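Right, one structure below, let's go through it.
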Amino acid sequence: MALEKFTASGRFRRISEDLFEIIRQENTEPKDGTQAARKLAVLICKDAASRKWGPKWLEQAGFTTLIAATQADLQLAADSLQPALLLVESGLRARNGEPLHEWLAASSLRAVPRLVLCSSERDVEAALECGAVDVVRKPYNWQVISKRATRLVHSVSSLLELDKAQEALGRALNYANDARQFLQRVEDIDPLTELPNRRKFSETIDRILNSGHCQENGLAIMLIGIDRFRSVNDSLGHAGGNEILAEVGRRIQGCLAREDLLGNNNGGLITAAAAKLGGVRFGLMLSHGGSNQDLARRAEVVQSVLAQPISFDGQSVYLGCSMGISVATRDGDSAEHLILNAESALLEIKKRGGGIRIFRDTHDQALVRRIELERKLRDAINNKALQLHYQPLICNQGRELFGVEALLRWTCPEEGRISPAEFVPVAEEAGLMVEIGDFVIRESCRQLREWLDQGLPPIRMAMNLSLIQLLRGNIVRTVRESMMDFALDPALLELELSERGVVKRDPEIMRKLQQLRALGVRLSVDDFGSGEASISYLKHLPVDTLKIDRSYVSGCASDERDQVMGMIMATLGKKLGLTVVAEGVETAEQLEMVQSWGCDASQGFYFSPAVSSDQLAEMLRKDNQL
């Protein structure tokens with residue numbers, strides 16, 4: 001709905017069209033291969049040897065040379081020509097008596113790069129102080145000068161192109177930021193009831209929890225599930241059901257003004273908010289400093305309000321509701337935990353036929369699970385039960401397999417495969433991540449050496465690097481010793497850094513990254529775009545590769561927002577000279593889209609999931625093609 005509102009306004013389409021035009025212009029500008037026109041060099045000198053040999057060598061270097069001797073000649077060139085380079089003798093003077101190369105620094109030709117022909121060390125110093133881009137000293141070797149002239153013009157041209165690209169990218173990012181802010185405002189609200197949605201509700205709860213007010217005044221989360229709504233939808237139709245839900249939202253919002261619901265909170269700060277959480281679920285956040293009995297009484301106020309009949313199309317519609325309640329910080333210290341526990345209570349009471357239930361959990365199941373998982377994980381480490389699988393990295397141009405990403409896998413004897421998303425946070429909390437991370441690095445290096453010893457082609461090995469490893473482990477020593485133990489070329493190793501782990505630019509982290517880079521290994525930013533930090537941190541990181549987060553790739557074939565954001569990130573990476581990899585490519589349409597962005601490589605199920613070392617070796621044997 002948020003995207004529909006934005007698109008209907010016409011603003012998003014204008015932003016998208018402008019962005020695509022910026023990128024199109026960048027991609028269609030003439031490159032070196034089409035810039036065949038000879039460049040004009042103006043030689044301003046009186047030295048006979050220079051006037052003889054300079055034009056000949058400059059012509060061989062691709063220049064057309066115009067010889068000038070006076071300020072008047074230069075003014076004529078400035079009015080009618082567009083010189084790419086000025087070569088001026090330091091001893092020549094302007095009409096006012098100042099050195100001619102100094103006069104050029106303030107003239108209409110000041111933007112043209114100047115190479116000054118100097119007779120002495122003093123001339124060299126004076127020329128550089130006046131902004132000369134390059135200087136040469138007598139005796140002049142025009143073969144060398146012509147080569148320096150070529151490099152000089154090319155360097156200045158490259159800088160100008162980079163400035164234009166940065167300006168275009170800046171405009172694109174400004175457009176994208178406007179779009180992001182607009183969408184963020186729209187997406188905070190449920191379009192049907194105009195109540196805050198679940199995301200905004202969670203943000204509000206977390207803000208109150210972090211402010212400390214909940215410790216002072218107490219906070220209760222009430223989840224409201226509308227009973228028997230399916231029969232309402234069946235009888236009134238979808239449109240009628242939506243009108244009923246809109247009225248329910250208005251009534252719940254109206255509850256926030258009822259004194260019998262809010263109470264006086266013993267004179268403390270009263271906090272209240274309502275939200276639409278999806279489907280037929282609503283939420284209330286209330287100050288709560290009383291007993292469970294008081295909380296139940298206040299929940300009954302909401303029930304009584306929603307029990308009143310709703311008039312629709314000449315008939316009365318009767319609804320009821322069930323409620324699940326959790327209390328901060330007794331039942332959780334985050335919005336996610338509190339909402340989940342309130343949902344648990346709601347589901348439990350619905351199983352019993354409906355009513356009100358306050359969450360009770362004498363045994364924190366999440367804590368029990370974490371303790372159990374930590375024990376099993378320690379056993380897995382001791383028994384060497386952790387494994388690595390390898391997901392191919394595919395070049396978008398030739399479709400060759402040029403590298404792999406090593407991914408951690410754990411198959412528990414009692415539970416089967418356990419997702420890294422579940423056990424990695426436990427490992428970090430339990431202080432196991434440094435040991436696990438060192439295992440990943442050494443095992444990846446060992447496996448790469450094994451493949452090489454089998455005669456398989458050398459490929460890049462990418463390994464995920466945990467923030468914990470950077471902060472607490474001796475990651476530089478681990479990488480250096482692994483490279484040496486298995487005799488690996490460091491250029492074959494790439495360490496992937498989570499965007500969230502490096503955006504703060506902690507000095508210690510930055511120092512270790514520089515040390516890793518000095519070893520010769522490659523560094524990449526993983527899941528780029530998934531964090532909320534400014535992109536300006538990229539210029540401070542010594543990285544080689546940018547991996548666009550799969551969340552932008554998964555919807556890029558159909559979602560115009562993902563297309564625009566993906567193109568911006570890919571263009572940014574290319575302008576910074578980075579290799580750009582698209583993560584999570586699963587369809588041919590997605591592959592075609594990321595190729596249009598200019599991504600160098602792709603990774604995802606379209607090519608292959610993560611596979612065992614033997615399966616990966618078999619892929620490499622099939623002449624390195626998928």
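Residues are referred to by chain and number: the chain letter is A, B, ... according to the order shown in the structure tokens, the number counts from 1 in that chain, and ligands are numbered separately from 1 in the order shown.
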With a distance cut-off of 9 Å and only C-alpha atoms, select the neighbouring residues of range 275-287 of chain A, excluding the residue or stretch itself and same-chain residues fewer than 2 positions from it, and output the selection as a ChimeraX atom specification. /A:189-190,193-201,205,214,217-227,229,245,249,252-253,256,261-263,265,268-273,289,339
Once DSSP has gone over the backbone, tell me which residues of range 94-274 of chain A are in helix (DSSP H, G or I), as a ChimeraX atom specification. /A:100-106,121-129,142-187,198-211,213-217,229-255,259-262,265-267
Rank A:Ala299, A:Leu92, A:Cys321, A:Ile394 by their smallest atom-to-atom distance to Val248 in chain A, using only C-alpha atoms, and report the top residue only.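 Using only C-alpha atoms, the shortest distance to Val248 in chain A belongs to A:Cys321.
When only C-alpha atoms are used to measure the gap to Leu87 in chain A, the shortest distance among A:Trp451, A:Trp142, A:Phe607, A:Phe402 belongs to A:Trp142.
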Please determine, counting only C-alpha atoms, which residue among A:Lys56, A:Arg375, A:His101, A:Arg93 has the shortest atom-to-atom distance to Ile145 in chain A.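 Of the candidates, the smallest distance to Ile145 in chain A is held by A:Lys56.
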Near range 146-158 of chain A, counting only C-alpha atoms, which residues have an atom at most 10 Å away, once you skip same-chain residues fewer than 4 positions from it, shown as a ChimeraX atom specification? /A:32,39,41,54-63,84-87,112-115,133-136,141-142,162-164
Please write the residues from the selection above to a file, keeping C-alpha atoms, as a PDB file, in the first residue's frame.
ATOM      1  CA  ASP A  32      38.866   5.748 -24.392  1.00  0.00           C
ATOM      2  CA  LYS A  39      44.221  16.696 -28.845  1.00  0.00           C
ATOM      3  CA  ALA A  41      48.861  21.085 -27.427  1.00  0.00           C
ATOM      4  CA  GLY A  54      58.664  19.420 -29.706  1.00  0.00           C
ATOM      5  CA  PRO A  55      55.925  19.292 -32.409  1.00  0.00           C
ATOM      6  CA  LYS A  56      57.439  16.155 -33.981  1.00  0.00           C
ATOM      7  CA  TRP A  57      57.455  14.124 -30.775  1.00  0.00           C
ATOM      8  CA  LEU A  58      54.103  15.514 -29.634  1.00  0.00           C
ATOM      9  CA  GLU A  59      52.577  14.535 -32.971  1.00  0.00           C
ATOM     10  CA  GLN A  60      53.812  10.958 -32.513  1.00  0.00           C
ATOM     11  CA  ALA A  61      52.149  10.987 -29.068  1.00  0.00           C
ATOM     12  CA  GLY A  62      48.777  11.910 -30.613  1.00  0.00           C
ATOM     13  CA  PHE A  63      48.809  15.722 -30.342  1.00  0.00           C
ATOM     14  CA  ALA A  84      44.198  20.109 -23.965  1.00  0.00           C
ATOM     15  CA  LEU A  85      47.701  21.058 -22.778  1.00  0.00           C
ATOM     16  CA  LEU A  86      49.947  24.117 -22.506  1.00  0.00           C
ATOM     17  CA  LEU A  87      53.731  23.695 -22.638  1.00  0.00           C
ATOM     18  CA  VAL A 112      44.119  23.849 -18.945  1.00  0.00           C
ATOM     19  CA  PRO A 113      46.944  21.742 -17.447  1.00  0.00           C
ATOM     20  CA  ARG A 114      50.339  23.442 -17.754  1.00  0.00           C
ATOM     21  CA  LEU A 115      53.724  21.785 -18.219  1.00  0.00           C
ATOM     22  CA  VAL A 133      50.772  20.423 -13.092  1.00  0.00           C
ATOM     23  CA  ASP A 134      54.201  19.235 -14.250  1.00  0.00           C
ATOM     24  CA  VAL A 135      57.693  20.656 -14.888  1.00  0.00           C
ATOM     25  CA  VAL A 136      60.785  19.573 -16.825  1.00  0.00           C
ATOM     26  CA  ASN A 141      64.288  15.302 -23.903  1.00  0.00           C
ATOM     27  CA  TRP A 142      61.202  15.702 -26.085  1.00  0.00           C
ATOM     28  CA  LEU A 162      35.423  11.199 -11.903  1.00  0.00           C
ATOM     29  CA  ASP A 163      34.150  14.605 -10.778  1.00  0.00           C
ATOM     30  CA  LYS A 164      31.219  14.308 -13.181  1.00  0.00           C
TER      31      LYS A 164
END
Using only C-alpha atoms, which residues sit within 12 Å of Gln397 in chain A once same-chain residues fewer than 4 positions away are excluded, as a short mmCIF file (atom, residue, chain, number, x, y, z; two decimals) with N, CA and C atoms, in the first residue's frame?
data_model
loop_
_atom_site.label_atom_id
_atom_site.label_comp_id
_atom_site.auth_asym_id
_atom_site.auth_seq_id
_atom_site.Cartn_x
_atom_site.Cartn_y
_atom_site.Cartn_z
N LEU A 401 33.16 -20.13 -12.88
CA LEU A 401 33.25 -20.20 -11.42
C LEU A 401 34.64 -19.72 -11.02
N PHE A 402 34.71 -18.52 -10.42
CA PHE A 402 36.03 -17.96 -10.09
C PHE A 402 36.32 -17.96 -8.60
N LEU A 591 19.14 -12.28 -12.53
CA LEU A 591 20.48 -12.24 -13.09
C LEU A 591 20.57 -11.18 -14.18
N GLU A 592 19.57 -11.11 -15.04
CA GLU A 592 19.57 -10.11 -16.10
C GLU A 592 19.56 -8.70 -15.51
N VAL A 594 20.69 -7.69 -12.42
CA VAL A 594 21.95 -7.31 -11.77
C VAL A 594 23.06 -7.10 -12.80
N GLN A 595 22.96 -7.80 -13.94
CA GLN A 595 23.93 -7.55 -15.01
C GLN A 595 23.74 -6.14 -15.58
N SER A 596 22.48 -5.71 -15.68
CA SER A 596 22.21 -4.36 -16.19
C SER A 596 22.71 -3.29 -15.23
N GLY A 598 25.51 -3.50 -13.80
CA GLY A 598 26.96 -3.48 -13.93
C GLY A 598 27.67 -4.35 -12.92
N CYS A 599 26.94 -5.24 -12.23
CA CYS A 599 27.58 -6.13 -11.25
C CYS A 599 28.58 -7.05 -11.96
N ASP A 600 29.72 -7.24 -11.34
CA ASP A 600 30.77 -8.08 -11.93
C ASP A 600 30.48 -9.57 -11.75
N ALA A 601 29.84 -9.92 -10.64
CA ALA A 601 29.65 -11.34 -10.33
C ALA A 601 28.34 -11.53 -9.58
N SER A 602 27.92 -12.80 -9.48
CA SER A 602 26.68 -13.15 -8.80
C SER A 602 26.88 -14.39 -7.95
N GLN A 625 32.93 -24.36 -15.70
CA GLN A 625 31.72 -23.74 -16.24
C GLN A 625 30.51 -24.33 -15.54
#
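Summary of the local environment: counting only C-alpha atoms, residues at most 12 Å from Gly353 in chain A, other than itself and those fewer than 2 positions away along its chain, are A:Asp227, A:Arg228, A:Gly320, A:Cys321, A:Ser322, A:Met323, A:Leu346, A:Leu347, A:Glu348, A:Ile349, A:Lys350, A:Lys351, A:Gly355, A:Ile356, A:Arg357.
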For those residues, write C-alpha atoms to a file as a PDB file, in the first residue's frame.
ATOM      1  CA  ASP A 227     -13.048 -13.130  17.321  1.00  0.00           C
ATOM      2  CA  ARG A 228     -15.307 -14.609  14.615  1.00  0.00           C
ATOM      3  CA  GLY A 320     -15.814  -9.971  20.387  1.00  0.00           C
ATOM      4  CA  CYS A 321     -12.116 -10.029  21.100  1.00  0.00           C
ATOM      5  CA  SER A 322      -9.511 -12.040  22.976  1.00  0.00           C
ATOM      6  CA  MET A 323      -6.459 -10.438  24.537  1.00  0.00           C
ATOM      7  CA  LEU A 346      -3.263 -14.641  23.014  1.00  0.00           C
ATOM      8  CA  LEU A 347      -2.856 -17.949  21.186  1.00  0.00           C
ATOM      9  CA  GLU A 348      -3.164 -19.852  24.456  1.00  0.00           C
ATOM     10  CA  ILE A 349      -6.421 -18.137  25.453  1.00  0.00           C
ATOM     11  CA  LYS A 350      -7.883 -18.574  21.938  1.00  0.00           C
ATOM     12  CA  LYS A 351      -7.241 -22.325  22.230  1.00  0.00           C
ATOM     13  CA  GLY A 355     -10.972 -14.289  26.874  1.00  0.00           C
ATOM     14  CA  ILE A 356      -8.045 -12.488  28.544  1.00  0.00           C
ATOM     15  CA  ARG A 357      -4.714 -14.024  29.471  1.00  0.00           C
TER      16      ARG A 357
END
Contact residues around range 509-517 of chain A with only C-alpha atoms at 8 Å, ignoring same-chain residues under 6 positions, as JSON, numbers by chain: {"A": [470, 471, 475, 476, 479, 502, 523, 541, 542]}
According to DSSP computed on the backbone, where in range 507-567 of chain A is there strand (DSSP E or B)? Give the residues as a PyMOL selection string. chain A and resi 522-528+545-548
For those residues, write N, CA, C and O atoms to a file as a CSV table (one decimal), in the first residue's frame.
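Resulting contents of selection-v4.csv:
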chain,number,residue,atom,x,y,z
A,522,ARG,N,42.3,-10.0,0.2
A,522,ARG,CA,41.3,-9.1,-0.2
A,522,ARG,C,40.3,-8.9,0.9
A,522,ARG,O,40.1,-9.8,1.8
A,523,LEU,N,39.6,-7.8,1.0
A,523,LEU,CA,38.6,-7.5,2.0
A,523,LEU,C,37.3,-7.1,1.2
A,523,LEU,O,37.3,-6.4,0.2
A,524,SER,N,36.1,-7.5,1.7
A,524,SER,CA,34.9,-7.2,1.1
A,524,SER,C,33.9,-6.8,2.2
A,524,SER,O,34.0,-7.2,3.3
A,525,VAL,N,32.9,-5.9,1.8
A,525,VAL,CA,31.8,-5.6,2.6
A,525,VAL,C,30.6,-6.4,2.2
A,525,VAL,O,30.1,-6.4,1.1
A,526,ASP,N,30.1,-7.3,3.2
A,526,ASP,CA,29.1,-8.2,2.9
A,526,ASP,C,27.7,-7.6,3.3
A,526,ASP,O,27.6,-6.7,4.1
A,527,ASP,N,26.6,-8.0,2.6
A,527,ASP,CA,25.3,-7.6,2.9
A,527,ASP,C,25.1,-6.1,2.8
A,527,ASP,O,24.4,-5.5,3.7
A,528,PHE,N,25.8,-5.5,1.8
A,528,PHE,CA,25.7,-4.0,1.8
A,528,PHE,C,24.3,-3.5,1.5
A,528,PHE,O,23.6,-4.0,0.6
A,545,THR,N,35.9,-5.4,-2.5
A,545,THR,CA,34.6,-6.0,-3.1
A,545,THR,C,33.4,-5.4,-2.3
A,545,THR,O,33.5,-5.3,-1.1
A,546,LEU,N,32.3,-5.2,-3.0
A,546,LEU,CA,31.1,-4.8,-2.4
A,546,LEU,C,30.0,-5.8,-2.8
A,546,LEU,O,29.8,-6.1,-4.0
A,547,LYS,N,29.4,-6.4,-1.8
A,547,LYS,CA,28.4,-7.5,-2.0
A,547,LYS,C,27.0,-6.9,-1.7
A,547,LYS,O,26.7,-6.6,-0.5
A,548,ILE,N,26.2,-6.7,-2.7
A,548,ILE,CA,24.8,-6.1,-2.5
A,548,ILE,C,23.9,-7.1,-1.8
A,548,ILE,O,23.8,-8.3,-2.2
Show which residues sit within 7 Å of Leu306 in chain A, as a PyMOL selection string. Count only C-alpha atoms, and ignore same-chain residues fewer than 2 positions away. chain A and resi 248+302-304+308+319-320
With N, CA, C and O atoms retained, write the just-selected residues as a PDB file, in the first residue's frame.
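Now in again_8.pdb:
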ATOM      1  N   VAL A 248     -13.280  -0.770  14.037  1.00  0.00           N
ATOM      2  CA  VAL A 248     -12.597  -1.345  15.203  1.00  0.00           C
ATOM      3  C   VAL A 248     -11.359  -0.517  15.542  1.00  0.00           C
ATOM      4  O   VAL A 248     -11.093  -0.213  16.712  1.00  0.00           O
ATOM      5  N   VAL A 302     -11.523  -2.569  27.315  1.00  0.00           N
ATOM      6  CA  VAL A 302     -11.367  -2.663  25.861  1.00  0.00           C
ATOM      7  C   VAL A 302     -12.362  -3.676  25.300  1.00  0.00           C
ATOM      8  O   VAL A 302     -13.012  -3.432  24.271  1.00  0.00           O
ATOM      9  N   GLN A 303     -12.508  -4.787  25.964  1.00  0.00           N
ATOM     10  CA  GLN A 303     -13.458  -5.803  25.515  1.00  0.00           C
ATOM     11  C   GLN A 303     -14.876  -5.241  25.442  1.00  0.00           C
ATOM     12  O   GLN A 303     -15.620  -5.508  24.488  1.00  0.00           O
ATOM     13  N   SER A 304     -15.249  -4.474  26.460  1.00  0.00           N
ATOM     14  CA  SER A 304     -16.618  -3.924  26.484  1.00  0.00           C
ATOM     15  C   SER A 304     -16.832  -2.936  25.348  1.00  0.00           C
ATOM     16  O   SER A 304     -17.924  -2.878  24.761  1.00  0.00           O
ATOM     17  N   GLN A 308     -19.654  -3.621  21.713  1.00  0.00           N
ATOM     18  CA  GLN A 308     -20.807  -2.827  21.276  1.00  0.00           C
ATOM     19  C   GLN A 308     -21.067  -3.064  19.791  1.00  0.00           C
ATOM     20  O   GLN A 308     -20.137  -3.187  18.989  1.00  0.00           O
ATOM     21  N   LEU A 319     -19.132  -8.121  17.419  1.00  0.00           N
ATOM     22  CA  LEU A 319     -17.796  -8.719  17.461  1.00  0.00           C
ATOM     23  C   LEU A 319     -17.374  -8.928  18.912  1.00  0.00           C
ATOM     24  O   LEU A 319     -17.891  -8.276  19.823  1.00  0.00           O
ATOM     25  N   GLY A 320     -16.460  -9.807  19.090  1.00  0.00           N
ATOM     26  CA  GLY A 320     -15.814  -9.971  20.387  1.00  0.00           C
ATOM     27  C   GLY A 320     -14.322  -9.971  20.178  1.00  0.00           C
ATOM     28  O   GLY A 320     -13.819  -9.942  19.043  1.00  0.00           O
TER      29      GLY A 320
END
Using only C-alpha atoms, find the one residue out of A:Ala617, A:Tyr390, A:Val305, A:Pro99 that sits nearest to Gly254 in chain A.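 Among A:Ala617, A:Tyr390, A:Val305, A:Pro99, it is A:Val305 that comes nearest to Gly254 in chain A.
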Taken to one decimal, the CA of Leu572 in chain A-CA of Ala172 in chain A distance is 10.1 Å
Rounded to one decimal place, report the CA of Gly573 in chain A-CA of Gly403 in chain A distance in Å. 19.3 Å
